[in-house]
file run.cif (mmCIF, C-alpha atoms)
data_work
#
loop_
_atom_site.group_PDB
_atom_site.id
_atom_site.type_symbol
_atom_site.label_atom_id
_atom_site.label_comp_id
_atom_site.auth_asym_id
_atom_site.auth_seq_id
_atom_site.Cartn_x
_atom_site.Cartn_y
_atom_site.Cartn_z
ATOM 1 C CA MET N 815 23.283 17.221 -79.156
ATOM 2 C CA THR N 816 20.844 18.919 -76.769
ATOM 3 C CA SER N 817 22.377 19.770 -73.386
ATOM 4 C CA GLN N 818 21.278 17.993 -70.225
ATOM 5 C CA PRO N 819 18.225 19.425 -68.466
ATOM 6 C CA HIS N 820 18.654 21.136 -65.103
ATOM 7 C CA SER N 821 18.105 19.201 -61.886
ATOM 8 C CA SER N 822 14.504 19.146 -60.649
ATOM 9 C CA THR N 823 11.451 16.946 -60.485
ATOM 10 C CA SER N 824 9.116 19.738 -61.553
ATOM 11 C CA ASN N 825 6.813 19.491 -64.536
ATOM 12 C CA THR N 826 9.040 21.970 -66.348
ATOM 13 C CA ASP N 827 12.128 19.814 -65.966
ATOM 14 C CA ALA N 828 10.221 16.617 -66.731
ATOM 15 C CA ALA N 829 9.284 18.290 -70.006
ATOM 16 C CA ALA N 830 12.935 19.245 -70.515
ATOM 17 C CA GLN N 831 14.012 15.628 -70.127
ATOM 18 C CA ALA N 832 11.361 14.523 -72.603
ATOM 19 C CA ALA N 833 12.545 17.201 -75.007
ATOM 20 C CA TRP N 834 16.103 15.937 -74.611
ATOM 21 C CA PHE N 835 15.083 12.458 -75.748
ATOM 22 C CA ASP N 836 12.948 13.931 -78.522
ATOM 23 C CA SER N 837 16.076 15.620 -79.835
ATOM 24 C CA ALA N 838 18.502 12.759 -79.168
ATOM 25 C CA PHE N 839 16.371 10.203 -81.004
ATOM 26 C CA ALA N 840 15.079 12.482 -83.757
ATOM 27 C CA GLY N 841 17.830 11.557 -86.206
ATOM 28 C CA ALA N 842 17.306 7.798 -86.343
ATOM 29 C CA PRO N 843 14.805 5.190 -85.139
ATOM 30 C CA LEU N 844 17.608 2.825 -84.062
ATOM 31 C CA MET N 845 20.064 2.807 -81.171
ATOM 32 C CA ALA N 846 22.961 0.509 -80.289
ATOM 33 C CA ILE N 847 23.450 -1.393 -77.014
ATOM 34 C CA LEU N 848 26.954 -2.718 -76.450
ATOM 35 C CA ARG N 849 26.763 -5.093 -73.479
ATOM 36 C CA GLY N 850 29.923 -6.624 -72.045
ATOM 37 C CA MET N 851 31.953 -6.142 -75.217
ATOM 38 C CA GLY N 852 35.143 -4.768 -73.714
ATOM 39 C CA VAL N 853 36.930 -1.554 -74.587
ATOM 40 C CA GLU N 854 38.218 -2.170 -78.127
ATOM 41 C CA ARG N 855 35.126 -3.991 -79.352
ATOM 42 C CA SER N 856 32.803 -1.375 -77.839
ATOM 43 C CA VAL N 857 34.646 1.466 -79.563
ATOM 44 C CA ARG N 858 34.739 -0.418 -82.864
ATOM 45 C CA LEU N 859 31.027 -1.202 -82.813
ATOM 46 C CA SER N 860 30.186 2.345 -81.729
ATOM 47 C CA GLU N 861 32.008 3.615 -84.794
ATOM 48 C CA THR N 862 30.136 1.073 -86.918
ATOM 49 C CA ALA N 863 26.849 2.369 -85.493
ATOM 50 C CA TRP N 864 27.762 6.024 -86.088
ATOM 51 C CA ASP N 865 28.956 5.309 -89.622
ATOM 52 C CA LEU N 866 25.659 3.540 -90.289
ATOM 53 C CA GLY N 867 23.672 6.542 -89.077
ATOM 54 C CA ILE N 868 22.796 5.332 -85.569
ATOM 55 C CA ASP N 869 23.556 8.325 -83.349
ATOM 56 C CA SER N 870 22.794 6.928 -79.899
ATOM 57 C CA VAL N 871 24.972 4.288 -78.252
ATOM 58 C CA GLU N 872 24.383 2.732 -74.828
ATOM 59 C CA VAL N 873 27.095 0.950 -72.836
ATOM 60 C CA PRO N 874 25.653 -1.081 -69.942
ATOM 61 C CA LEU N 875 27.538 -0.387 -66.711
ATOM 62 C CA GLN N 876 27.945 -3.577 -64.672
ATOM 63 C CA THR N 877 31.686 -4.157 -64.217
ATOM 64 C CA ASP N 878 34.911 -2.175 -63.989
ATOM 65 C CA GLU N 879 35.664 -3.209 -67.574
ATOM 66 C CA ASP N 880 32.279 -1.798 -68.608
ATOM 67 C CA GLU N 881 33.217 1.524 -67.034
ATOM 68 C CA ARG N 882 36.479 1.570 -68.972
ATOM 69 C CA ALA N 883 34.545 0.772 -72.144
ATOM 70 C CA LEU N 884 32.044 3.553 -71.416
ATOM 71 C CA ARG N 885 34.824 6.084 -70.927
ATOM 72 C CA ALA N 886 36.503 5.005 -74.169
ATOM 73 C CA VAL N 887 33.256 5.221 -76.144
ATOM 74 C CA VAL N 888 32.517 8.641 -74.637
ATOM 75 C CA GLU N 889 35.949 9.831 -75.771
ATOM 76 C CA ALA N 890 35.362 8.498 -79.294
ATOM 77 C CA ALA N 891 31.890 10.045 -79.351
ATOM 78 C CA ALA N 892 33.176 13.477 -78.392
ATOM 79 C CA ALA N 893 35.084 13.706 -81.667
ATOM 80 C CA ARG N 894 31.853 13.101 -83.569
ATOM 81 C CA GLY N 895 29.436 15.101 -81.475
ATOM 82 C CA LYS N 896 27.482 11.993 -80.454
ATOM 83 C CA SER N 897 25.746 11.140 -77.181
ATOM 84 C CA VAL N 898 26.532 8.043 -75.128
ATOM 85 C CA GLY N 899 24.298 6.537 -72.488
ATOM 86 C CA ALA N 900 24.993 4.193 -69.587
ATOM 87 C CA GLY N 901 22.720 1.199 -69.200
ATOM 88 C CA THR N 902 21.752 -1.291 -66.490
ATOM 89 C CA ILE N 903 21.487 1.496 -63.921
ATOM 90 C CA ILE N 904 19.818 -0.264 -60.995
ATOM 91 C CA ALA N 905 21.102 1.689 -57.977
ATOM 92 C CA PRO N 906 21.309 5.415 -57.162
ATOM 93 C CA GLU N 907 25.084 5.312 -56.715
ATOM 94 C CA GLN N 908 25.452 4.219 -60.336
ATOM 95 C CA VAL N 909 23.955 7.540 -61.435
ATOM 96 C CA THR N 910 27.011 9.430 -60.206
ATOM 97 C CA ARG N 911 29.382 6.770 -61.523
ATOM 98 C CA ALA N 912 27.829 6.944 -64.989
ATOM 99 C CA ALA N 913 27.853 10.732 -65.045
ATOM 100 C CA ASP N 914 31.488 10.811 -63.973
ATOM 101 C CA ALA N 915 32.309 8.474 -66.863
ATOM 102 C CA GLY N 916 30.697 10.894 -69.304
ATOM 103 C CA ALA N 917 27.276 9.352 -69.917
ATOM 104 C CA VAL N 918 24.649 11.945 -70.829
ATOM 105 C CA TYR N 919 21.615 9.714 -70.380
ATOM 106 C CA LEU N 920 20.790 6.594 -68.361
ATOM 107 C CA VAL N 921 18.883 3.398 -69.040
ATOM 108 C CA SER N 922 17.485 0.924 -66.498
ATOM 109 C CA PRO N 923 16.145 -2.612 -67.041
ATOM 110 C CA GLY N 924 13.251 -1.927 -64.681
ATOM 111 C CA LEU N 925 11.366 0.896 -62.980
ATOM 112 C CA ASP N 926 12.703 1.937 -59.573
ATOM 113 C CA PRO N 927 11.365 5.310 -58.398
ATOM 114 C CA VAL N 928 14.447 5.792 -56.202
ATOM 115 C CA VAL N 929 16.758 5.468 -59.202
ATOM 116 C CA VAL N 930 14.495 7.679 -61.307
ATOM 117 C CA ARG N 931 14.544 10.393 -58.639
ATOM 118 C CA ALA N 932 18.330 10.146 -58.312
ATOM 119 C CA ALA N 933 18.690 10.689 -62.057
ATOM 120 C CA GLN N 934 16.196 13.555 -62.033
ATOM 121 C CA ASP N 935 17.983 15.191 -59.095
ATOM 122 C CA ALA N 936 21.265 14.879 -61.001
ATOM 123 C CA GLY N 937 19.670 16.405 -64.095
ATOM 124 C CA ILE N 938 20.355 13.342 -66.258
ATOM 125 C CA PRO N 939 17.612 11.982 -68.561
ATOM 126 C CA ILE N 940 16.683 8.383 -67.765
ATOM 127 C CA LEU N 941 14.871 5.613 -69.633
ATOM 128 C CA PRO N 942 13.540 3.117 -67.090
ATOM 129 C CA GLY N 943 12.359 -0.274 -68.264
ATOM 130 C CA VAL N 944 8.697 -1.277 -68.189
ATOM 131 C CA ALA N 945 6.721 -4.351 -69.190
ATOM 132 C CA THR N 946 3.221 -3.820 -67.753
ATOM 133 C CA PRO N 947 0.513 -1.133 -67.815
ATOM 134 C CA SER N 948 1.004 -0.610 -64.060
ATOM 135 C CA GLU N 949 4.680 0.157 -64.573
ATOM 136 C CA VAL N 950 3.894 2.543 -67.414
ATOM 137 C CA GLN N 951 1.317 4.319 -65.259
ATOM 138 C CA LEU N 952 3.802 4.629 -62.382
ATOM 139 C CA ALA N 953 6.449 6.005 -64.744
ATOM 140 C CA VAL N 954 4.004 8.603 -66.044
ATOM 141 C CA SER N 955 3.250 9.635 -62.448
ATOM 142 C CA LEU N 956 6.998 10.229 -62.020
ATOM 143 C CA GLY N 957 6.929 12.696 -64.895
ATOM 144 C CA LEU N 958 8.359 10.368 -67.558
ATOM 145 C CA THR N 959 7.158 10.155 -71.149
ATOM 146 C CA TRP N 960 10.101 8.243 -72.697
ATOM 147 C CA LEU N 961 10.338 4.628 -71.518
ATOM 148 C CA LYS N 962 12.253 1.482 -72.382
ATOM 149 C CA ALA N 963 10.111 -1.595 -73.059
ATOM 150 C CA PHE N 964 12.020 -4.740 -72.065
ATOM 151 C CA PRO N 965 12.216 -7.516 -73.091
ATOM 152 C CA ALA N 966 10.628 -6.402 -76.343
ATOM 153 C CA THR N 967 10.515 -9.706 -78.207
ATOM 154 C CA TRP N 968 8.966 -11.383 -75.175
ATOM 155 C CA LEU N 969 6.328 -8.652 -74.982
ATOM 156 C CA GLY N 970 5.709 -8.877 -78.738
ATOM 157 C CA SER N 971 4.947 -6.084 -81.161
ATOM 158 C CA GLY N 972 1.222 -6.297 -80.363
ATOM 159 C CA TRP N 973 1.913 -5.070 -76.808
ATOM 160 C CA PHE N 974 2.878 -1.665 -78.173
ATOM 161 C CA ARG N 975 -0.311 -1.317 -80.208
ATOM 162 C CA HIS N 976 -2.404 -2.045 -77.110
ATOM 163 C CA ILE N 977 -0.431 0.124 -74.670
ATOM 164 C CA ARG N 978 -0.695 3.198 -76.888
ATOM 165 C CA GLY N 979 -4.454 3.282 -76.227
ATOM 166 C CA PRO N 980 -4.349 4.340 -72.559
ATOM 167 C CA PHE N 981 -0.919 5.990 -72.829
ATOM 168 C CA PRO N 982 -0.784 7.849 -76.165
ATOM 169 C CA GLN N 983 1.735 10.367 -74.801
ATOM 170 C CA VAL N 984 4.391 7.745 -73.992
ATOM 171 C CA ARG N 985 7.246 7.088 -76.419
ATOM 172 C CA PHE N 986 8.891 3.685 -76.298
ATOM 173 C CA VAL N 987 12.398 2.437 -76.932
ATOM 174 C CA ALA N 988 12.187 -1.316 -77.537
ATOM 175 C CA THR N 989 15.103 -3.460 -76.376
ATOM 176 C CA GLY N 990 15.789 -7.159 -76.076
ATOM 177 C CA GLY N 991 16.170 -9.575 -78.975
ATOM 178 C CA LEU N 992 15.893 -7.069 -81.821
ATOM 179 C CA ASP N 993 17.905 -7.243 -85.038
ATOM 180 C CA ALA N 994 17.522 -6.537 -88.732
ATOM 181 C CA SER N 995 14.931 -9.278 -89.098
ATOM 182 C CA ASN N 996 12.344 -7.752 -86.760
ATOM 183 C CA VAL N 997 13.015 -4.033 -86.152
ATOM 184 C CA ASP N 998 10.546 -3.051 -88.864
ATOM 185 C CA GLU N 999 7.798 -5.045 -87.140
ATOM 186 C CA PHE N 1000 8.291 -3.137 -83.893
ATOM 187 C CA LEU N 1001 8.679 0.249 -85.531
ATOM 188 C CA ASP N 1002 5.470 -0.382 -87.479
ATOM 189 C CA ALA N 1003 3.740 -1.122 -84.151
ATOM 190 C CA GLY N 1004 4.532 2.365 -82.885
ATOM 191 C CA VAL N 1005 7.921 1.948 -81.237
ATOM 192 C CA ARG N 1006 9.878 5.183 -81.616
ATOM 193 C CA VAL N 1007 13.333 3.601 -81.315
ATOM 194 C CA ALA N 1008 14.482 -0.014 -81.660
ATOM 195 C CA ALA N 1009 17.763 -1.104 -80.064
ATOM 196 C CA VAL N 1010 20.231 -3.510 -81.683
ATOM 197 C CA GLY N 1011 23.529 -4.908 -80.474
ATOM 198 C CA SER N 1012 25.385 -7.884 -81.916
ATOM 199 C CA ALA N 1013 23.647 -7.275 -85.254
ATOM 200 C CA LEU N 1014 26.272 -4.576 -85.803
ATOM 201 C CA GLU N 1015 28.897 -7.305 -86.140
ATOM 202 C CA ASP N 1016 26.925 -9.225 -88.761
ATOM 203 C CA ALA N 1017 27.805 -7.953 -92.226
ATOM 204 C CA SER N 1018 24.631 -9.502 -93.636
ATOM 205 C CA GLN N 1019 22.525 -7.380 -91.281
ATOM 206 C CA LEU N 1020 24.301 -4.059 -91.726
ATOM 207 C CA GLU N 1021 22.818 -3.343 -95.137
ATOM 208 C CA ARG N 1022 19.359 -4.304 -93.911
ATOM 209 C CA LEU N 1023 19.742 -1.954 -90.956
ATOM 210 C CA ALA N 1024 20.973 0.752 -93.318
ATOM 211 C CA ALA N 1025 17.867 0.198 -95.445
ATOM 212 C CA VAL N 1026 15.649 0.633 -92.381
ATOM 213 C CA LEU N 1027 17.393 3.913 -91.607
ATOM 214 C CA ARG N 1028 17.082 5.153 -95.188
ATOM 215 C CA ALA N 1029 13.382 4.327 -95.277
ATOM 216 C CA ARG N 1030 12.516 5.778 -91.888
ATOM 217 C CA THR N 1031 14.849 8.658 -91.151
ATOM 218 C CA GLY N 1032 12.445 11.191 -92.651
ATOM 219 C CA SER N 1033 9.602 10.046 -90.406
ATOM 220 C CA ALA N 1034 11.520 9.063 -87.277
ATOM 221 C CA ALA N 1035 10.522 12.186 -85.367
ATOM 222 C CA ARG N 1036 6.845 12.164 -86.280
#

call {"tool": "encode", "arguments": {"input": "run.cif", "output": "C-alpha cells"}}
result
Amino acid sequence: MTSQPHSSTSNTDAAAQAAWFDSAFAGAPLMAILRGMGVERSVRLSETAWDLGIDSVEVPLQTDEDERALRAVVEAAAARGKSVGAGTIIAPEQVTRAADAGAVYLVSPGLDPVVVRAAQDAGIPILPGVATPSEVQLAVSLGLTWLKAFPATWLGSGWFRHIRGPFPQVRFVATGGLDASNVDEFLDAGVRVAAVGSALEDASQLERLAAVLRARTGSAAR
C-alpha cells in the first residue's frame, strides 16, 4: 500500500492524502466496516473481506475491546499487505490512539475541523463524515477531497448525483445501511466506494458482493 503522507496542512500534503486514498481504494469499490464485533469475529470477517477482494477494512474505535480488535486486525493485515483504518474518530486524542494501534487511515462520523487538523498534523489520511452541502464545502476548505457520506441510505443515492454538480472534485465513500442489495445503486450514482459490514457474514450475499467486485474492479479507479 502507499505510505502515509508527511505531516502538514499545505496544499502539497493535502494532495498527498488524496493520492493515498486514490491508491488505497483503487483496487476495489467496496470496503468493510467491522463495528463492535470483538477480536475473533473482526479478524475472521477481515479475512473474509480480503479473500473476497475487499482490500480496505475499518475497525471503529469506541471501546477497549475495539482497540484490541483493531490491533489484531492490523496484525493479520500485515501478513497480507493490507491497510486497516480506525473509525468513529471523534476526538483529537483518538488520532494518537488509533495510530499507536497500527491504523493507517482514520474515519469520522461527522466533520470536526479540530479532528481533521489533528489527523493532518499527524500525517494520517482521514475521511470525515458529511451529509450536507455546507459540510462538503467546509471539508473542501480544509483541503479534503475524499469524504465519507453518512448515513448513506438515509441520504439516498440521488444525493450523490446532485452533490457532484457543485463538487465534482470530491470522491465519496458511502456508509450506513449498505449491503449486496443496494451497493450497485450507490456506485451507479457516482459513489467511489461503498462500505459493507454484517453482509460479510451472510453467505447469500457474499457471491453477490463478489459479482459486484468482478464487474467493477476494472473501472473502480476511473

call {"tool": "resolve_selection", "arguments": {"input": "run.cif", "expression": "the PyMOL selection byres ((chain N and resi 924) around 6)", "output": "MDAnalysis selection string"}}
result
chainID N and resid 922:923 925 942:944

call {"tool": "residues_around", "arguments": {"input": "run.cif", "residues": "segment 968-978 of chain N", "least_positions_apart": "5", "cutoff": "8 Å", "atoms": "all atoms listed in the file", "output": "mmCIF file with C-alpha atoms, keeping the file's coordinate frame"}}
result
data_model
loop_
_atom_site.group_PDB
_atom_site.id
_atom_site.type_symbol
_atom_site.label_atom_id
_atom_site.label_comp_id
_atom_site.auth_asym_id
_atom_site.auth_seq_id
_atom_site.Cartn_x
_atom_site.Cartn_y
_atom_site.Cartn_z
ATOM 1 C CA ALA N 945 6.721 -4.351 -69.190
ATOM 2 C CA PRO N 947 0.513 -1.133 -67.815
ATOM 3 C CA GLN N 983 1.735 10.367 -74.801
ATOM 4 C CA VAL N 984 4.391 7.745 -73.992
ATOM 5 C CA GLU N 999 7.798 -5.045 -87.140
ATOM 6 C CA PHE N 1000 8.291 -3.137 -83.893
ATOM 7 C CA ALA N 1003 3.740 -1.122 -84.151
ATOM 8 C CA GLY N 1004 4.532 2.365 -82.885
ATOM 9 C CA VAL N 1005 7.921 1.948 -81.237
#

call {"tool": "resolve_selection", "arguments": {"input": "run.cif", "expression": "the PyMOL selection byres ((chain N and resi 868) around 9)", "output": "JSON, numbers by chain"}}
result
{"N": [841, 842, 843, 844, 845, 846, 860, 862, 863, 864, 865, 866, 867, 869, 870, 871, 1027]}

call {"tool": "closest_residue", "arguments": {"input": "run.cif", "among": "N:Ala829, N:Val918, N:Ser1012, N:Trp960", "to": "Leu992 of chain N", "atoms": "all atoms listed in the file"}}
result
N:Ser1012

call {"tool": "atom_distance", "arguments": {"input": "run.cif", "atom1": "atom CA of Val909 of chain N", "atom2": "atom CA of Leu1014 of chain N"}}
result
27.3 Å

call {"tool": "atom_distance", "arguments": {"input": "run.cif", "atom1": "atom CA of Leu920 of chain N", "atom2": "atom CA of Ala1009 of chain N"}}
result
14.3 Å

call {"tool": "atom_distance", "arguments": {"input": "run.cif", "atom1": "atom CA of Arg1030 of chain N", "atom2": "atom CA of Asp998 of chain N"}}
result
9.5 Å

call {"tool": "residues_around", "arguments": {"input": "run.cif", "residues": "Phe835 of chain N", "least_positions_apart": "6", "cutoff": "12 Å", "atoms": "only C-alpha atoms", "output": "short mmCIF file (atom, residue, chain, number, x, y, z; two decimals) with C-alpha atoms, in the frame of the given file"}}
result
data_model
loop_
_atom_site.label_atom_id
_atom_site.label_comp_id
_atom_site.auth_asym_id
_atom_site.auth_seq_id
_atom_site.Cartn_x
_atom_site.Cartn_y
_atom_site.Cartn_z
CA MET N 815 23.28 17.22 -79.16
CA THR N 816 20.84 18.92 -76.77
CA SER N 817 22.38 19.77 -73.39
CA GLN N 818 21.28 17.99 -70.22
CA PRO N 819 18.23 19.42 -68.47
CA ALA N 828 10.22 16.62 -66.73
CA ALA N 829 9.28 18.29 -70.01
CA GLY N 841 17.83 11.56 -86.21
CA ALA N 842 17.31 7.80 -86.34
CA PRO N 843 14.80 5.19 -85.14
CA SER N 870 22.79 6.93 -79.90
CA SER N 897 25.75 11.14 -77.18
CA GLY N 899 24.30 6.54 -72.49
CA VAL N 918 24.65 11.94 -70.83
CA TYR N 919 21.62 9.71 -70.38
CA LEU N 920 20.79 6.59 -68.36
CA VAL N 921 18.88 3.40 -69.04
CA ILE N 938 20.36 13.34 -66.26
CA PRO N 939 17.61 11.98 -68.56
CA ILE N 940 16.68 8.38 -67.76
CA LEU N 941 14.87 5.61 -69.63
CA LEU N 958 8.36 10.37 -67.56
CA THR N 959 7.16 10.15 -71.15
CA TRP N 960 10.10 8.24 -72.70
CA LEU N 961 10.34 4.63 -71.52
CA LYS N 962 12.25 1.48 -72.38
CA VAL N 984 4.39 7.74 -73.99
CA ARG N 985 7.25 7.09 -76.42
CA PHE N 986 8.89 3.68 -76.30
CA VAL N 987 12.40 2.44 -76.93
CA ARG N 1006 9.88 5.18 -81.62
CA VAL N 1007 13.33 3.60 -81.32
CA ALA N 1035 10.52 12.19 -85.37
#

call {"tool": "closest_residue", "arguments": {"input": "run.cif", "among": "N:Val888, N:Arg911, N:Val1010, N:Ala905", "to": "Gly991 of chain N", "atoms": "all atoms listed in the file"}}
result
N:Val1010

call {"tool": "closest_residue", "arguments": {"input": "run.cif", "among": "N:Pro874, N:Ala891, N:Ala833, N:Ala1029", "to": "Ile904 of chain N", "atoms": "only C-alpha atoms"}}
result
N:Pro874

call {"tool": "build_atoms", "arguments": {"input": "run.cif", "residues": "segment 847-872 of chain N", "atoms": "N, CA, C and O atoms", "output": "PDB file, in the frame of the given file"}}
result
ATOM      1  N   ILE N 847      23.134  -1.002 -78.384  1.00  0.00           N
ATOM      2  CA  ILE N 847      23.450  -1.393 -77.014  1.00  0.00           C
ATOM      3  C   ILE N 847      24.640  -2.331 -77.066  1.00  0.00           C
ATOM      4  O   ILE N 847      24.579  -3.388 -77.711  1.00  0.00           O
ATOM      5  N   LEU N 848      25.700  -1.962 -76.385  1.00  0.00           N
ATOM      6  CA  LEU N 848      26.954  -2.718 -76.450  1.00  0.00           C
ATOM      7  C   LEU N 848      27.240  -3.306 -75.070  1.00  0.00           C
ATOM      8  O   LEU N 848      27.971  -2.743 -74.265  1.00  0.00           O
ATOM      9  N   ARG N 849      26.671  -4.485 -74.810  1.00  0.00           N
ATOM     10  CA  ARG N 849      26.763  -5.093 -73.479  1.00  0.00           C
ATOM     11  C   ARG N 849      27.976  -6.017 -73.369  1.00  0.00           C
ATOM     12  O   ARG N 849      28.127  -6.965 -74.130  1.00  0.00           O
ATOM     13  N   GLY N 850      28.825  -5.737 -72.381  1.00  0.00           N
ATOM     14  CA  GLY N 850      29.923  -6.624 -72.045  1.00  0.00           C
ATOM     15  C   GLY N 850      30.876  -6.901 -73.185  1.00  0.00           C
ATOM     16  O   GLY N 850      31.404  -8.009 -73.295  1.00  0.00           O
ATOM     17  N   MET N 851      31.139  -5.924 -74.025  1.00  0.00           N
ATOM     18  CA  MET N 851      31.953  -6.142 -75.217  1.00  0.00           C
ATOM     19  C   MET N 851      33.403  -5.698 -75.066  1.00  0.00           C
ATOM     20  O   MET N 851      34.179  -5.817 -76.010  1.00  0.00           O
ATOM     21  N   GLY N 852      33.776  -5.199 -73.902  1.00  0.00           N
ATOM     22  CA  GLY N 852      35.143  -4.768 -73.714  1.00  0.00           C
ATOM     23  C   GLY N 852      35.429  -3.431 -74.383  1.00  0.00           C
ATOM     24  O   GLY N 852      34.601  -2.903 -75.125  1.00  0.00           O
ATOM     25  N   VAL N 853      36.610  -2.900 -74.127  1.00  0.00           N
ATOM     26  CA  VAL N 853      36.930  -1.554 -74.587  1.00  0.00           C
ATOM     27  C   VAL N 853      37.054  -1.489 -76.104  1.00  0.00           C
ATOM     28  O   VAL N 853      36.350  -0.707 -76.767  1.00  0.00           O
ATOM     29  N   GLU N 854      37.947  -2.273 -76.691  1.00  0.00           N
ATOM     30  CA  GLU N 854      38.218  -2.170 -78.127  1.00  0.00           C
ATOM     31  C   GLU N 854      36.991  -2.512 -78.960  1.00  0.00           C
ATOM     32  O   GLU N 854      36.671  -1.819 -79.935  1.00  0.00           O
ATOM     33  N   ARG N 855      36.302  -3.580 -78.589  1.00  0.00           N
ATOM     34  CA  ARG N 855      35.126  -3.991 -79.352  1.00  0.00           C
ATOM     35  C   ARG N 855      34.012  -2.957 -79.229  1.00  0.00           C
ATOM     36  O   ARG N 855      33.310  -2.661 -80.202  1.00  0.00           O
ATOM     37  N   SER N 856      33.840  -2.393 -78.042  1.00  0.00           N
ATOM     38  CA  SER N 856      32.803  -1.375 -77.839  1.00  0.00           C
ATOM     39  C   SER N 856      33.069  -0.151 -78.698  1.00  0.00           C
ATOM     40  O   SER N 856      32.153   0.390 -79.334  1.00  0.00           O
ATOM     41  N   VAL N 857      34.311   0.300 -78.744  1.00  0.00           N
ATOM     42  CA  VAL N 857      34.646   1.466 -79.563  1.00  0.00           C
ATOM     43  C   VAL N 857      34.439   1.142 -81.040  1.00  0.00           C
ATOM     44  O   VAL N 857      33.866   1.949 -81.795  1.00  0.00           O
ATOM     45  N   ARG N 858      34.878  -0.041 -81.451  1.00  0.00           N
ATOM     46  CA  ARG N 858      34.739  -0.418 -82.864  1.00  0.00           C
ATOM     47  C   ARG N 858      33.274  -0.479 -83.276  1.00  0.00           C
ATOM     48  O   ARG N 858      32.894   0.025 -84.353  1.00  0.00           O
ATOM     49  N   LEU N 859      32.435  -1.087 -82.454  1.00  0.00           N
ATOM     50  CA  LEU N 859      31.027  -1.202 -82.813  1.00  0.00           C
ATOM     51  C   LEU N 859      30.301   0.137 -82.696  1.00  0.00           C
ATOM     52  O   LEU N 859      29.344   0.388 -83.429  1.00  0.00           O
ATOM     53  N   SER N 860      30.743   0.987 -81.788  1.00  0.00           N
ATOM     54  CA  SER N 860      30.186   2.345 -81.729  1.00  0.00           C
ATOM     55  C   SER N 860      30.446   3.073 -83.032  1.00  0.00           C
ATOM     56  O   SER N 860      29.549   3.728 -83.594  1.00  0.00           O
ATOM     57  N   GLU N 861      31.663   2.961 -83.532  1.00  0.00           N
ATOM     58  CA  GLU N 861      32.008   3.615 -84.794  1.00  0.00           C
ATOM     59  C   GLU N 861      31.219   3.021 -85.952  1.00  0.00           C
ATOM     60  O   GLU N 861      30.787   3.744 -86.864  1.00  0.00           O
ATOM     61  N   THR N 862      30.988   1.703 -85.905  1.00  0.00           N
ATOM     62  CA  THR N 862      30.136   1.073 -86.918  1.00  0.00           C
ATOM     63  C   THR N 862      28.734   1.666 -86.877  1.00  0.00           C
ATOM     64  O   THR N 862      28.135   1.979 -87.913  1.00  0.00           O
ATOM     65  N   ALA N 863      28.199   1.809 -85.654  1.00  0.00           N
ATOM     66  CA  ALA N 863      26.849   2.369 -85.493  1.00  0.00           C
ATOM     67  C   ALA N 863      26.793   3.801 -86.018  1.00  0.00           C
ATOM     68  O   ALA N 863      25.885   4.167 -86.775  1.00  0.00           O
ATOM     69  N   TRP N 864      27.764   4.626 -85.649  1.00  0.00           N
ATOM     70  CA  TRP N 864      27.762   6.024 -86.088  1.00  0.00           C
ATOM     71  C   TRP N 864      27.913   6.124 -87.599  1.00  0.00           C
ATOM     72  O   TRP N 864      27.241   6.934 -88.235  1.00  0.00           O
ATOM     73  N   ASP N 865      28.785   5.293 -88.164  1.00  0.00           N
ATOM     74  CA  ASP N 865      28.956   5.309 -89.622  1.00  0.00           C
ATOM     75  C   ASP N 865      27.670   4.899 -90.334  1.00  0.00           C
ATOM     76  O   ASP N 865      27.375   5.390 -91.430  1.00  0.00           O
ATOM     77  N   LEU N 866      26.906   4.017 -89.695  1.00  0.00           N
ATOM     78  CA  LEU N 866      25.659   3.540 -90.289  1.00  0.00           C
ATOM     79  C   LEU N 866      24.565   4.600 -90.222  1.00  0.00           C
ATOM     80  O   LEU N 866      23.638   4.591 -91.030  1.00  0.00           O
ATOM     81  N   GLY N 867      24.699   5.524 -89.271  1.00  0.00           N
ATOM     82  CA  GLY N 867      23.672   6.542 -89.077  1.00  0.00           C
ATOM     83  C   GLY N 867      22.915   6.397 -87.775  1.00  0.00           C
ATOM     84  O   GLY N 867      21.909   7.079 -87.545  1.00  0.00           O
ATOM     85  N   ILE N 868      23.386   5.500 -86.896  1.00  0.00           N
ATOM     86  CA  ILE N 868      22.796   5.332 -85.569  1.00  0.00           C
ATOM     87  C   ILE N 868      23.541   6.261 -84.617  1.00  0.00           C
ATOM     88  O   ILE N 868      24.716   6.042 -84.300  1.00  0.00           O
ATOM     89  N   ASP N 869      22.884   7.319 -84.160  1.00  0.00           N
ATOM     90  CA  ASP N 869      23.556   8.325 -83.349  1.00  0.00           C
ATOM     91  C   ASP N 869      23.760   7.905 -81.899  1.00  0.00           C
ATOM     92  O   ASP N 869      24.767   8.238 -81.282  1.00  0.00           O
ATOM     93  N   SER N 870      22.789   7.199 -81.338  1.00  0.00           N
ATOM     94  CA  SER N 870      22.794   6.928 -79.899  1.00  0.00           C
ATOM     95  C   SER N 870      23.358   5.544 -79.591  1.00  0.00           C
ATOM     96  O   SER N 870      22.921   4.542 -80.153  1.00  0.00           O
ATOM     97  N   VAL N 871      24.324   5.520 -78.692  1.00  0.00           N
ATOM     98  CA  VAL N 871      24.972   4.288 -78.252  1.00  0.00           C
ATOM     99  C   VAL N 871      24.861   4.185 -76.740  1.00  0.00           C
ATOM    100  O   VAL N 871      25.126   5.157 -76.030  1.00  0.00           O
ATOM    101  N   GLU N 872      24.466   3.000 -76.260  1.00  0.00           N
ATOM    102  CA  GLU N 872      24.383   2.732 -74.828  1.00  0.00           C
ATOM    103  C   GLU N 872      25.408   1.670 -74.455  1.00  0.00           C
ATOM    104  O   GLU N 872      25.498   0.634 -75.112  1.00  0.00           O
TER     105      GLU N 872
END
